[in-house]
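Participant: One structure is given below, represented as structure tokens, and several questions about it will come after.
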Amino acid sequence: RDDARHRHAVQIGKDLRRTFPTLPAFADAHALGALERVLHAYVQRDHALGYTQSMNYVAGVLLAYARTECDAYRGFCALLNDDGGALHGARADGEQRVRLRGMFTRDFPVLVEQLYVFTALLRAKLPQLHAHLARLGVHAHMYATAWYMTLFTAVLRVDVAAHVLDNVLLRGWPFMHATALAALQLTDAMLLECTELDAALGELSALGDAFTRSSVLVATARRLMAPNAVRRHRRHFAKLKARHGAGAITIGNVHAFADAESG
């Protein structure tokens, strides 16, 4: 346990200054110290999971907007430990509520499931863009992994990410998927002009720069929300896991299973 604790401490130390390096609020020792304390406190609470990269961004946004460091820590624990709704009385039901811990456990089960649902929704909602990206060899895990593992906090401006995170906590996974679709829909003209894989991935990696304000992105996401479709795809994913075995569907091949369902 001491070796694991030391390993987590080293990684946290490396990631502190990578967390919002251009944001003045995270440029001083006090803010970085608060982030370090929140992450170390979580490691002490959850020895089995410890610290994983990407947690720093979620904790950082919570720190930026929570009233106190203690509130940010409680919110972070609630979000990771199957009680995201406890943050402020989320309306999302238990099935749809965000449960983030499984993003970081072995084989990333929550990430695989959400990439499956996202791919199925992308094909249904934005078929032209889905087909274009597929022709280029661009699949969801290549660009959306960071979106889902950090709930967009590592991708969007902090103020925009906070607005998105607030809605994700209120509305659950359907809003997270809708935000991912909205981000693509609002930038599809640029993406459809790409003729090579690297060019498309370059545009997708810089996608956060397209949203300097949250209003259009959030409004578009609200229109694209499809809770019933999300439930349907999640049920189908559960059946696939039961049929093929949990380890058969991975981050790298989940798009093929989702496309087979959609087809």
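Labeling convention for the structure tokens: chains A, B, ... as they appear, residues from 1 per chain, ligands from 1 in order of appearance.
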With a distance cut-off of 9 Å and only C-alpha atoms, select the neighbouring residues of Leu39 (chain A), excluding the residue or stretch itself and same-chain residues fewer than 6 positions from it, and output the selection as JSON, numbers by chain.

Facilitator: {"A": [12, 50, 51, 55, 56, 59, 73]}

Participant: So that I have them on file, write out the residues from the current selection with N, CA, C and O atoms, as a short mmCIF file (atom, residue, chain, number, x, y, z; two decimals), in the first residue's frame.

Facilitator:
data_model
loop_
_atom_site.label_atom_id
_atom_site.label_comp_id
_atom_site.auth_asym_id
_atom_site.auth_seq_id
_atom_site.Cartn_x
_atom_site.Cartn_y
_atom_site.Cartn_z
N ILE A 12 0.40 12.57 -9.07
CA ILE A 12 -0.32 13.80 -8.75
C ILE A 12 0.60 15.00 -8.86
O ILE A 12 0.23 16.03 -9.44
N GLY A 50 -7.30 4.63 -6.00
CA GLY A 50 -6.21 5.59 -5.93
C GLY A 50 -6.42 6.76 -6.87
O GLY A 50 -7.54 7.22 -7.08
N TYR A 51 -5.34 7.21 -7.49
CA TYR A 51 -5.39 8.35 -8.41
C TYR A 51 -5.12 7.90 -9.83
O TYR A 51 -4.25 7.06 -10.07
N MET A 55 -8.51 12.63 -13.41
CA MET A 55 -9.21 13.06 -12.20
C MET A 55 -8.88 14.51 -11.85
O MET A 55 -9.72 15.23 -11.30
N ASN A 56 -7.64 14.94 -12.16
CA ASN A 56 -7.22 16.28 -11.78
C ASN A 56 -8.07 17.36 -12.42
O ASN A 56 -8.35 18.40 -11.82
N ALA A 59 -11.58 17.44 -10.60
CA ALA A 59 -11.40 18.05 -9.28
C ALA A 59 -11.09 19.54 -9.41
O ALA A 59 -11.55 20.35 -8.59
N TYR A 73 -14.10 18.64 -2.35
CA TYR A 73 -13.74 17.25 -2.05
C TYR A 73 -14.98 16.37 -1.93
O TYR A 73 -15.03 15.27 -2.48
#

Participant: Ranking A:His47, A:Arg37, A:Arg234, A:Arg123 by minimum distance to Glu69 (chain A) and counting only C-alpha atoms, which one comes first?

Facilitator: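 Smallest distance to Glu69 (chain A) is found for A:Arg37.
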
Participant: Need to verify the contact set: region 139-156 of chain A, 9 Å, only C-alpha atoms, exclusion of same-chain residues closer than 6 positions in sequence. Can you return it as a PyMOL selection string?

Facilitator: chain A and resi 19-20+54-58+60-61+100+103-104+111-112+114-116+118-119+130+133+162+164-165+168+176-177+180+201+204-212+251-255

Participant: Please list as a PyMOL selection string every residue within 12 Å of Gln128 (chain A), counting only C-alpha atoms and excluding residues in the same chain fewer than 2 positions away.

Facilitator: chain A and resi 122-126+130-135+184-185+188-189+191-192

Participant: For a test of reading the model, state the distance in Å between CA of Gly33 (chain A) and CA of Gln11 (chain A), rounded to one decimal.

Facilitator: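 Here the two named atoms are 14.6 Å from each other.
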
Participant: From the options A:Ala120, A:Leu49, A:Ala200, A:Leu186, which residue's atoms come nearest to His236 (chain A), counting only C-alpha atoms?

Facilitator: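 When distances to His236 (chain A) are compared using only C-alpha atoms, the smallest one comes from A:Ala120.
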
Participant: Find the residue from A:Leu62, A:Ala238, A:Leu169, A:Leu197 that sits nearest to Gln96 (chain A); use only C-alpha atoms when measuring.

Facilitator: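 The closest residue to Gln96 (chain A) is A:Leu169.
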